[in-house]
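Shown here: my_file15.cif, mmCIF, C-alpha atoms and all ligand atoms.
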```cif
data_entry
#
loop_
_atom_site.group_PDB
_atom_site.id
_atom_site.type_symbol
_atom_site.label_atom_id
_atom_site.label_comp_id
_atom_site.auth_asym_id
_atom_site.auth_seq_id
_atom_site.Cartn_x
_atom_site.Cartn_y
_atom_site.Cartn_z
ATOM 1 C CA MET T 1 30.818 21.083 27.825
ATOM 2 C CA ASN T 2 29.913 17.928 29.661
ATOM 3 C CA GLY T 3 26.402 17.850 31.123
ATOM 4 C CA ILE T 4 24.802 20.395 28.719
ATOM 5 C CA GLY T 5 22.596 17.721 27.105
ATOM 6 C CA PHE T 6 21.526 16.507 30.522
ATOM 7 C CA VAL T 7 20.540 20.026 31.607
ATOM 8 C CA LYS T 8 18.606 20.570 28.343
ATOM 9 C CA GLY T 9 16.699 17.337 28.890
ATOM 10 C CA MET T 10 15.843 18.308 32.434
ATOM 11 C CA LEU T 11 14.584 21.701 31.206
ATOM 12 C CA VAL T 12 12.187 19.941 28.808
ATOM 13 C CA THR T 13 10.952 17.791 31.680
ATOM 14 C CA LEU T 14 10.546 20.886 33.833
ATOM 15 C CA ARG T 15 8.555 22.649 31.074
ATOM 16 C CA HIS T 16 6.133 19.715 30.831
ATOM 17 C CA PHE T 17 5.885 19.585 34.620
ATOM 18 C CA VAL T 18 4.978 23.279 34.906
ATOM 19 C CA ASN T 19 2.636 23.173 31.907
ATOM 20 C CA THR T 20 0.717 20.317 33.470
ATOM 21 C CA TYR T 21 -0.384 22.706 36.240
ATOM 22 C CA VAL T 22 -0.951 25.516 33.739
ATOM 23 C CA ASP T 23 -3.257 23.113 31.874
ATOM 24 C CA ASP T 24 -5.038 22.341 35.138
ATOM 25 C CA LEU T 25 -5.709 26.050 35.655
ATOM 26 C CA ARG T 26 -6.748 26.544 32.026
ATOM 27 C CA TYR T 27 -9.175 23.643 31.833
ATOM 28 C CA GLY T 28 -10.104 23.244 35.500
ATOM 29 C CA PHE T 29 -12.492 20.378 36.083
ATOM 30 C CA ARG T 30 -13.480 20.505 32.408
ATOM 31 C CA LYS T 31 -10.186 18.711 31.807
ATOM 32 C CA TYR T 32 -11.826 15.381 32.492
ATOM 33 C CA SER T 33 -15.188 16.148 30.921
ATOM 34 C CA PRO T 34 -16.323 13.928 28.064
ATOM 35 C CA ASP T 35 -16.342 17.044 25.838
ATOM 36 C CA VAL T 36 -14.659 15.755 22.674
ATOM 37 C CA ASP T 37 -13.246 19.126 21.539
ATOM 38 C CA ASN T 38 -11.724 19.648 24.905
ATOM 39 C CA PHE T 39 -10.180 16.188 24.780
ATOM 40 C CA GLU T 40 -8.872 16.705 21.245
ATOM 41 C CA THR T 41 -7.235 19.984 22.302
ATOM 42 C CA ARG T 42 -5.473 18.361 25.202
ATOM 43 C CA GLN T 43 -4.383 15.397 23.099
ATOM 44 C CA GLY T 44 -3.501 17.369 19.985
ATOM 45 C CA THR T 45 -0.132 18.561 18.715
ATOM 46 C CA LYS T 46 -0.417 21.770 20.737
ATOM 47 C CA ALA T 47 -0.822 19.967 24.053
ATOM 48 C CA GLU T 48 1.882 21.054 26.468
ATOM 49 C CA GLY T 49 1.412 19.418 29.834
ATOM 50 C CA ALA T 50 1.916 15.812 30.859
ATOM 51 C CA PHE T 51 -1.481 14.186 30.845
ATOM 52 C CA THR T 52 -3.105 10.856 31.407
ATOM 53 C CA VAL T 53 -5.798 9.536 29.117
ATOM 54 C CA GLN T 54 -8.681 8.449 31.299
ATOM 55 C CA TYR T 55 -9.003 5.078 29.585
ATOM 56 C CA PRO T 56 -11.500 3.445 29.048
ATOM 57 C CA GLU T 57 -13.739 6.534 29.384
ATOM 58 C CA GLU T 58 -11.378 8.413 27.058
ATOM 59 C CA LYS T 59 -9.742 6.877 24.015
ATOM 60 C CA LEU T 60 -7.186 8.300 21.632
ATOM 61 C CA ALA T 61 -8.326 8.620 18.032
ATOM 62 C CA MET T 62 -6.745 5.959 15.822
ATOM 63 C CA PRO T 63 -4.777 7.160 12.815
ATOM 64 C CA GLU T 64 -5.955 5.662 9.543
ATOM 65 C CA ARG T 65 -2.824 3.531 9.162
ATOM 66 C CA PHE T 66 -3.058 2.033 12.628
ATOM 67 C CA ARG T 67 -3.059 -1.738 12.369
ATOM 68 C CA PHE T 68 -4.123 -4.464 14.694
ATOM 69 C CA VAL T 69 -5.465 -7.959 14.071
ATOM 70 C CA PRO T 70 -6.629 -8.390 10.439
ATOM 71 C CA PHE T 71 -10.241 -8.816 9.354
ATOM 72 C CA LEU T 72 -11.844 -10.204 6.198
ATOM 73 C CA VAL T 73 -13.806 -7.856 3.946
ATOM 74 C CA VAL T 74 -17.251 -9.007 2.814
ATOM 75 C CA ASN T 75 -19.917 -7.231 0.748
ATOM 76 C CA ASP T 76 -22.138 -4.855 2.705
ATOM 77 C CA TYR T 77 -25.129 -6.645 4.204
ATOM 78 C CA ASP T 78 -27.470 -4.343 2.262
ATOM 79 C CA HIS T 79 -25.771 -5.165 -1.060
ATOM 80 C CA PRO T 80 -28.631 -5.799 -3.551
ATOM 81 C CA GLU T 81 -27.079 -8.847 -5.251
ATOM 82 C CA ALA T 82 -24.858 -10.651 -2.781
ATOM 83 C CA PRO T 83 -25.103 -9.438 0.829
ATOM 84 C CA GLY T 84 -22.201 -10.549 2.959
ATOM 85 C CA LYS T 85 -20.333 -12.242 0.083
ATOM 86 C CA ASP T 86 -16.658 -12.978 0.823
ATOM 87 C CA TRP T 87 -14.072 -11.023 -1.120
ATOM 88 C CA CYS T 88 -11.533 -13.680 -0.195
ATOM 89 C CA THR T 89 -10.950 -16.264 -2.912
ATOM 90 C CA SER T 90 -8.988 -18.591 -0.620
ATOM 91 C CA CYS T 91 -5.922 -18.225 -2.853
ATOM 92 C CA GLY T 92 -3.750 -18.808 0.226
ATOM 93 C CA ILE T 93 -1.200 -16.051 -0.455
ATOM 94 C CA CYS T 94 -1.750 -14.399 2.932
ATOM 95 C CA ALA T 95 -1.164 -17.706 4.718
ATOM 96 C CA LYS T 96 2.073 -18.193 2.766
ATOM 97 C CA VAL T 97 3.502 -14.742 3.507
ATOM 98 C CA CYS T 98 2.441 -14.609 7.174
ATOM 99 C CA PRO T 99 5.778 -14.680 9.077
ATOM 100 C CA PRO T 100 4.526 -16.484 12.220
ATOM 101 C CA GLN T 101 2.222 -18.729 10.149
ATOM 102 C CA CYS T 102 -0.920 -17.972 12.123
ATOM 103 C CA ILE T 103 -3.431 -18.150 9.223
ATOM 104 C CA TRP T 104 -5.264 -21.332 8.278
ATOM 105 C CA ILE T 105 -7.601 -21.500 5.308
ATOM 106 C CA VAL T 106 -9.917 -24.270 4.077
ATOM 107 C CA ARG T 107 -10.987 -23.790 0.471
ATOM 108 C CA SER T 108 -14.604 -24.437 -0.561
ATOM 109 C CA ASN T 109 -15.525 -27.133 -3.030
ATOM 110 C CA ASP T 110 -18.671 -27.407 -5.121
ATOM 111 C CA PRO T 111 -20.769 -30.072 -3.372
ATOM 112 C CA VAL T 112 -21.948 -31.524 -6.711
ATOM 113 C CA THR T 113 -18.907 -31.409 -8.986
ATOM 114 C CA GLY T 114 -16.298 -31.353 -6.232
ATOM 115 C CA ARG T 115 -14.466 -28.576 -8.041
ATOM 116 C CA PRO T 116 -12.828 -25.776 -6.060
ATOM 117 C CA VAL T 117 -14.932 -22.655 -5.479
ATOM 118 C CA PRO T 118 -13.109 -19.323 -5.025
ATOM 119 C CA GLU T 119 -14.241 -18.655 -1.473
ATOM 120 C CA PRO T 120 -13.053 -19.937 1.897
ATOM 121 C CA GLU T 121 -15.080 -22.570 3.691
ATOM 122 C CA ALA T 122 -13.142 -21.794 6.856
ATOM 123 C CA PHE T 123 -10.605 -19.110 7.744
ATOM 124 C CA PHE T 124 -8.770 -18.916 11.055
ATOM 125 C CA ILE T 125 -6.286 -16.472 12.535
ATOM 126 C CA ASP T 126 -4.659 -17.089 15.898
ATOM 127 C CA ILE T 127 -4.624 -13.540 17.250
ATOM 128 C CA ASP T 128 -2.189 -14.465 20.026
ATOM 129 C CA ILE T 129 0.402 -15.378 17.403
ATOM 130 C CA CYS T 130 -0.385 -12.586 14.918
ATOM 131 C CA MET T 131 2.264 -9.871 15.233
ATOM 132 C CA ASN T 132 0.197 -7.232 13.383
ATOM 133 C CA CYS T 133 2.825 -6.859 10.670
ATOM 134 C CA GLY T 134 0.215 -6.282 7.946
ATOM 135 C CA PHE T 135 1.946 -8.515 5.352
ATOM 136 C CA CYS T 136 -1.299 -10.400 4.711
ATOM 137 C CA ALA T 137 -3.109 -7.155 3.833
ATOM 138 C CA GLU T 138 -0.177 -5.945 1.704
ATOM 139 C CA PHE T 139 0.021 -9.116 -0.357
ATOM 140 C CA CYS T 140 -3.671 -9.958 -0.794
ATOM 141 C CA PRO T 141 -4.395 -9.511 -4.521
ATOM 142 C CA PHE T 142 -8.127 -9.068 -3.884
ATOM 143 C CA ASP T 143 -8.052 -6.411 -1.103
ATOM 144 C CA ALA T 144 -9.923 -8.997 0.925
ATOM 145 C CA ILE T 145 -7.986 -8.768 4.192
ATOM 146 C CA LYS T 146 -7.398 -5.518 6.070
ATOM 147 C CA MET T 147 -5.818 -4.454 9.322
ATOM 148 C CA ASP T 148 -8.404 -3.614 11.957
ATOM 149 C CA HIS T 149 -8.486 -0.795 14.527
ATOM 150 C CA ASP T 150 -10.161 -2.861 17.226
ATOM 151 C CA TYR T 151 -7.519 -3.309 19.909
ATOM 152 C CA GLU T 152 -9.810 -4.258 22.791
ATOM 153 C CA LEU T 153 -9.592 -8.029 22.370
ATOM 154 C CA SER T 154 -8.368 -9.183 25.748
ATOM 155 C CA SER T 155 -10.234 -11.941 27.525
ATOM 156 C CA TYR T 156 -9.706 -14.449 30.323
ATOM 157 C CA ASP T 157 -9.796 -17.342 27.887
ATOM 158 C CA ARG T 158 -6.315 -18.279 26.740
ATOM 159 C CA THR T 159 -7.381 -21.155 24.528
ATOM 160 C CA THR T 160 -9.787 -21.203 21.599
ATOM 161 C CA ASN T 161 -11.322 -17.763 22.156
ATOM 162 C CA HIS T 162 -8.280 -16.171 20.572
ATOM 163 C CA VAL T 163 -8.457 -18.276 17.440
ATOM 164 C CA PHE T 164 -10.764 -16.119 15.336
ATOM 165 C CA ASP T 165 -12.895 -17.982 12.812
ATOM 166 C CA LYS T 166 -14.351 -16.709 9.549
ATOM 167 C CA GLN T 167 -17.537 -15.509 11.227
ATOM 168 C CA LYS T 168 -15.626 -13.461 13.758
ATOM 169 C CA LEU T 169 -13.172 -12.116 11.181
ATOM 170 C CA SER T 170 -15.712 -11.039 8.543
ATOM 171 C CA LYS T 171 -16.691 -7.359 8.445
ATOM 172 C CA GLU T 172 -18.554 -5.303 5.856
ATOM 173 C CA PHE T 173 -16.771 -3.166 3.283
ATOM 174 C CA LYS T 174 -18.548 -0.086 4.696
ATOM 175 C CA TYR T 175 -16.718 -0.720 7.975
ATOM 176 C CA TRP T 176 -13.374 -0.462 6.136
ATOM 177 C CA LYS T 177 -14.552 2.780 4.513
ATOM 178 C CA THR T 178 -15.349 4.142 7.971
ATOM 179 C CA ILE T 179 -12.022 3.360 9.617
ATOM 180 C CA ALA T 180 -9.817 4.139 6.580
ATOM 181 C CA PRO T 181 -11.793 6.481 4.304
ATOM 182 C CA THR T 182 -8.842 7.793 2.259
ATOM 183 C CA ARG T 183 -7.314 4.416 1.565
ATOM 184 C CA ALA T 184 -10.667 2.787 0.842
ATOM 185 C CA VAL T 185 -11.420 5.363 -1.871
ATOM 186 C CA GLU T 186 -7.886 5.113 -3.327
ATOM 187 C CA GLU T 187 -8.226 1.355 -3.517
ATOM 188 C CA MET T 188 -11.713 1.569 -5.044
ATOM 189 C CA GLN T 189 -10.379 3.796 -7.797
ATOM 190 C CA ALA T 190 -7.340 1.612 -8.448
ATOM 191 C CA ARG T 191 -9.507 -1.494 -8.492
ATOM 192 C CA GLY T 192 -12.274 0.032 -10.624
ATOM 193 C CA GLY T 193 -14.559 -2.466 -8.913
ATOM 194 C CA TRP T 194 -18.312 -2.416 -8.527
ATOM 195 C CA GLU T 195 -18.223 0.109 -5.691
ATOM 196 C CA HIS T 196 -16.191 2.493 -7.868
ATOM 197 C CA LYS T 197 -18.439 1.858 -10.871
ATOM 198 C CA ASP T 198 -21.456 2.799 -8.741
ATOM 199 C CA ALA T 199 -19.750 6.087 -7.851
ATOM 200 C CA GLN T 200 -18.877 6.701 -11.517
ATOM 201 C CA LYS T 201 -22.460 6.000 -12.587
ATOM 202 C CA ALA T 202 -23.764 8.482 -10.002
ATOM 203 C CA ALA T 203 -21.261 11.078 -11.223
ATOM 204 C CA ARG T 204 -22.239 10.440 -14.869
ATOM 205 C CA ARG T 205 -25.909 10.811 -13.961
ATOM 206 C CA GLY T 206 -25.059 14.114 -12.265
ATOM 207 C CA GLY T 207 -23.032 15.131 -15.335
ATOM 208 C CA ALA T 208 -25.892 14.257 -17.717
ATOM 209 C CA ASP T 209 -28.252 16.390 -15.634
ATOM 210 C CA ALA T 210 -25.762 19.255 -15.754
ATOM 211 C CA GLY T 211 -25.562 18.883 -19.551
ATOM 212 C CA LYS T 212 -29.354 19.045 -19.875
ATOM 213 C CA ASP T 213 -29.432 22.151 -17.678
ATOM 214 C CA ALA T 214 -26.803 23.771 -19.880
ATOM 215 C CA LYS T 215 -28.873 23.112 -23.027
ATOM 216 C CA ARG T 216 -32.004 24.449 -21.344
ATOM 217 C CA GLU T 217 -30.126 27.614 -20.391
ATOM 218 C CA GLU T 218 -28.859 27.980 -23.943
ATOM 219 C CA VAL T 219 -32.384 27.712 -25.424
ATOM 220 C CA ARG T 220 -33.725 30.172 -22.873
ATOM 221 C CA ALA T 221 -30.960 32.621 -23.713
ATOM 222 C CA ARG T 222 -31.686 32.329 -27.482
ATOM 223 C CA LYS T 223 -35.385 32.961 -26.885
ATOM 224 C CA ALA T 224 -34.579 35.982 -24.744
ATOM 225 C CA GLU T 225 -32.270 37.279 -27.458
ATOM 226 C CA ALA T 226 -34.975 36.852 -30.137
ATOM 227 C CA ALA T 227 -37.580 38.591 -27.977
ATOM 228 C CA ALA T 228 -35.331 41.530 -27.115
ATOM 229 C CA PRO T 229 -32.699 42.213 -29.790
ATOM 230 C CA THR T 230 -31.077 44.920 -27.670
ATOM 231 C CA ALA T 231 -30.533 42.576 -24.743
ATOM 232 C CA ALA T 232 -27.063 41.192 -23.969
ATOM 233 C CA PRO T 233 -25.944 38.534 -26.481
ATOM 234 C CA ALA T 234 -26.880 34.930 -25.737
ATOM 235 C CA ALA T 235 -23.226 33.921 -25.682
ATOM 236 C CA GLU T 236 -22.865 35.543 -22.260
ATOM 237 C CA ALA T 237 -25.777 33.555 -20.892
ATOM 238 C CA VAL T 238 -24.276 30.398 -22.369
ATOM 239 C CA ALA T 239 -20.940 31.163 -20.728
ATOM 240 C CA GLU T 240 -22.670 31.218 -17.355
ATOM 241 C CA ALA T 241 -24.527 27.971 -17.976
ATOM 242 C CA PRO T 242 -23.376 24.873 -16.068
ATOM 243 C CA LYS T 243 -20.627 22.843 -17.703
ATOM 244 C CA PRO T 244 -21.659 20.017 -20.033
ATOM 245 C CA ALA T 245 -21.401 16.390 -18.959
ATOM 246 C CA ALA T 246 -17.952 15.827 -20.440
ATOM 247 C CA GLU T 247 -16.415 18.544 -18.246
ATOM 248 C CA VAL T 248 -17.916 17.356 -14.995
ATOM 249 C CA LYS T 249 -15.309 15.213 -13.277
ATOM 250 C CA ALA T 250 -16.302 12.072 -11.434
ATOM 251 C CA GLU T 251 -15.889 12.546 -7.697
ATOM 252 C CA PRO T 252 -15.032 9.531 -5.564
ATOM 253 C CA ALA T 253 -17.789 8.315 -3.313
ATOM 254 C CA ALA T 254 -17.686 10.025 0.058
ATOM 255 C CA ALA T 255 -16.958 7.745 2.954
ATOM 256 C CA PRO T 256 -19.885 7.366 5.327
ATOM 257 C CA ALA T 257 -19.651 9.280 8.564
ATOM 258 C CA ALA T 258 -19.243 7.301 11.745
ATOM 259 C CA GLU T 259 -22.562 6.899 13.494
ATOM 260 C CA GLY T 260 -22.540 7.699 17.198
ATOM 261 C CA ALA T 261 -20.495 4.912 18.714
ATOM 262 C CA ARG T 262 -17.172 3.975 17.177
ATOM 263 C CA PRO T 263 -17.831 1.371 14.503
ATOM 264 C CA TRP T 264 -15.268 -1.080 15.814
ATOM 265 C CA GLU T 265 -17.168 -1.128 19.096
ATOM 266 C CA GLU T 266 -20.081 -2.878 17.416
ATOM 267 C CA SER T 267 -20.179 -6.356 18.886
ATOM 268 C CA HIS T 268 -19.965 -9.520 16.849
ATOM 269 C CA ASP T 269 -23.560 -10.360 17.804
ATOM 270 C CA GLN T 270 -24.796 -6.970 16.590
ATOM 271 C CA ARG T 271 -23.032 -7.454 13.257
ATOM 272 C CA GLU T 272 -24.463 -10.935 12.941
ATOM 273 C CA ALA T 273 -27.964 -9.629 13.724
ATOM 274 C CA ARG T 274 -27.603 -7.035 10.954
ATOM 275 C CA LYS T 275 -26.350 -9.665 8.524
ATOM 276 C CA GLN T 276 -29.232 -12.010 9.331
ATOM 277 C CA ALA T 277 -31.742 -9.151 8.925
ATOM 278 C CA ALA T 278 -30.229 -8.327 5.501
ATOM 279 C CA LEU T 279 -30.438 -11.952 4.403
ATOM 280 C CA ALA T 280 -34.063 -12.143 5.617
ATOM 281 C CA ARG T 281 -34.889 -8.981 3.631
ATOM 282 C CA LYS T 282 -33.260 -10.481 0.544
ATOM 283 C CA ALA T 283 -35.236 -13.733 0.971
ATOM 284 C CA ALA T 284 -38.465 -11.765 1.381
ATOM 285 C CA ARG T 285 -37.691 -9.794 -1.798
ATOM 286 C CA ALA T 286 -37.004 -13.015 -3.705
ATOM 287 C CA ALA T 287 -40.220 -14.612 -2.401
ATOM 288 C CA LYS T 288 -42.213 -11.532 -3.440
ATOM 289 C CA LYS T 289 -40.662 -11.668 -6.912
ATOM 290 C CA ASP T 290 -41.476 -15.374 -7.322
ATOM 291 C CA GLY T 291 -44.978 -14.923 -5.965
HETATM 292 S S1 LIG A 301 -4.526 -13.418 0.084
HETATM 293 FE FE1 LIG A 301 -6.562 -12.446 0.160
HETATM 294 S S2 LIG A 301 -7.827 -13.642 -1.259
HETATM 295 FE FE2 LIG A 301 -5.984 -14.846 -0.851
HETATM 296 S S3 LIG A 301 -6.583 -16.190 0.863
HETATM 297 FE FE3 LIG A 301 -5.655 -14.387 1.776
HETATM 298 S S4 LIG A 301 -7.366 -12.993 2.185
HETATM 299 FE FE4 LIG A 301 -8.109 -14.547 0.781
HETATM 300 S S1 LIG A 302 -0.673 -9.239 10.347
HETATM 301 FE FE1 LIG A 302 1.217 -10.388 9.908
HETATM 302 S S2 LIG A 302 1.284 -11.898 11.538
HETATM 303 FE FE2 LIG A 302 -0.806 -11.140 11.523
HETATM 304 S S3 LIG A 302 -1.924 -12.537 10.214
HETATM 305 FE FE3 LIG A 302 -1.214 -10.857 8.904
HETATM 306 S S4 LIG A 302 0.764 -11.579 8.064
HETATM 307 FE FE4 LIG A 302 0.262 -12.885 9.826
#
```
Rewrite the structure from the file as structure tokens, please.
Amino acid sequence: MNGIGFVKGMLVTLRHFVNTYVDDLRYGFRKYSPDVDNFETRQGTKAEGAFTVQYPEEKLAMPERFRFVPFLVVNDYDHPEAPGKDWCTSCGICAKVCPPQCIWIVRSNDPVTGRPVPEPEAFFIDIDICMNCGFCAEFCPFDAIKMDHDYELSSYDRTTNHVFDKQKLSKEFKYWKTIAPTRAVEEMQARGGWEHKDAQKAARRGGADAGKDAKREEVRARKAEAAAPTAAPAAEAVAEAPKPAAEVKAEPAAAPAAEGARPWEESHDQREARKQAALARKAARAAKKDG
């Protein structure tokens, strides 16, 4: 019958309308409290009423696959060998696949030999042109460019402020692990890179310890058996011993928990300060070694 769909739609609207007031009664003034659990409940899948997010005091949690303007991955600033080293090799693939052509890259050259060096001297993205498609991140063969979660980029400057340079685009690998923990670990495993090797080494060390414990238990059980022949056979004690190293599976490294403020709220200056502090620490270590 004509009009049934319309009536159904209006009933859904009516349900949300009524539930909005039911929510008001249920949460009272707590509705607008900064209590995170309360906020999550109201914003979650079970939320019923029509609500308004009190932005910027309240912000919706970003799903892991959310994508905004890309950023460049660099080594963590506390990396022992190469703090802040670019992962980008300036191969130029991202610039080629970018549909609106908003990426510019200048490749580095060795100042002595003049030969190309696999790192970018300059890297620019015009964030006003970027359409957040994520092609650059999909095609990068070195996992060096990722889609960011930082969507608060508006400013009054409509000229050069929106052309992000390498300094502004570069963020530590640990930042990527914080905003996309599942994908970061999947990629680490697929890549088998240094970060994954570190995790494997830690797991092997744990496995070796477990193996030693197992042997110790076995010896203890044999001694107990020799001392008391009527006691339960050693095999039972061995069965309860921890598994040997070979059976202990390597666990992927756990992603670090977000610390207090959302990581993408860290300002560029704060990141730079941390990077400079890391470089200073590295220089001090090198000086101490030489001295
Ligand atoms: S595709 Fe990756 S490695 Fe190549 S230039 Fe772009 S970001 Fe750098
Ligand atoms: S997200 Fe898309 S538009 Fe933006 S820089 Fe990457 S490829 Fe270009």
The PyMOL selection byres (((not hetatm)) within 10 of (chain A and resi 301)) resolved against shown file, as number ranges by chain: T: 70-73, 86-98, 103-107, 118-120, 123, 135-146
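The residues returned by the PyMOL selection byres (((chain T and resi 166) around 7) and not hetatm) on the shown structure are Ala122, Phe123, Phe124, Phe164, Asp165, Gln167, Lys168, Leu169 and Ser170 of chain T.
Here CA of Asn109 (chain T) is placed at a distance of 27.6 Å from CA of Met147 (chain T).
The smallest atom-to-atom distance between Arg281 (chain T) and any of T:Met188, T:Phe6, T:Pro83, T:Arg15, using only C-alpha atoms, is found for T:Pro83.
If you look at CA of Gly84 (chain T) and CA of Leu279 (chain T), they are 8.5 Å away from each other.
Computed from the coordinates, the atom FE2 of ligand LIG 302 (chain A) to CA of Arg65 (chain T) distance equals 15.0 Å.
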Give me the box for ligand LIG 302 (chain A) as AutoDock Vina command-line options, namely the centre and edge lengths in Å to one decimal of a box along x, y and z that holds every listed atom plus 3 Å on each side.
```
--center_x -0.3 --center_y -11.1 --center_z 9.8 --size_x 9.2 --size_y 9.6 --size_z 9.5
```
Hits of the PyMOL selection byres (((chain T and resi 62) around 12) and not hetatm) in this structure, as a PyMOL selection string: chain T and resi 59-61+63-68+148-151+178-180+262+264
Given all atoms listed in the file, how would the per-residue table for region 46-159 of chain T near region 282-287 of chain T read, listing every residue at most 10 Å away with its closest atom pair and distance in Å to one decimal, sorted by chain and number, as a tab-separated table?
```
residue	atom	partner	partner_atom	distance
T:Tyr77	CA	T:Lys282	CA	9.7
T:Asp78	CA	T:Lys282	CA	8.6
T:His79	CA	T:Lys282	CA	9.3
T:Pro80	CA	T:Lys282	CA	7.8
T:Glu81	CA	T:Lys282	CA	8.6
T:Ala82	CA	T:Lys282	CA	9.0
T:Pro83	CA	T:Lys282	CA	8.2
```
Nearby residues (all atoms listed in the file) at most 10 Å from Asp128 (chain T), same-chain spacing under 3 positions excluded, as a VMD selection string: chain T and resid 69 102 125 131 154 158 to 159 161 to 164
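Closest approach to ligand LIG 302 (chain A) from the set T:Glu58, T:Cys130, T:Val53, T:Arg26 is made by T:Cys130, with distances taken over all atoms listed in the file.
Distance check against ligand LIG 302 (chain A) using all atoms listed in the file: of T:Val112, T:Met10, T:Ile127, T:Val74, the minimum falls on T:Ile127.
Taking all atoms listed in the file into account, ligand LIG 302 (chain A) lies nearest to T:Gly134 out of the set T:Gly192, T:Gly9, T:Pro181, T:Gly134.
Distance annotation: of T:Gln276, T:Asn132, T:Gln189, T:Gln54, the residue with the minimal separation from ligand LIG 302 (chain A) is T:Asn132; atom set is only C-alpha atoms and all ligand atoms.
Of the residues under consideration (T:Thr182, T:Gln101, T:Thr160, T:Thr113), T:Gln101 shows the shortest atom-to-atom contact distance to ligand LIG 302 (chain A) when counting all atoms listed in the file.
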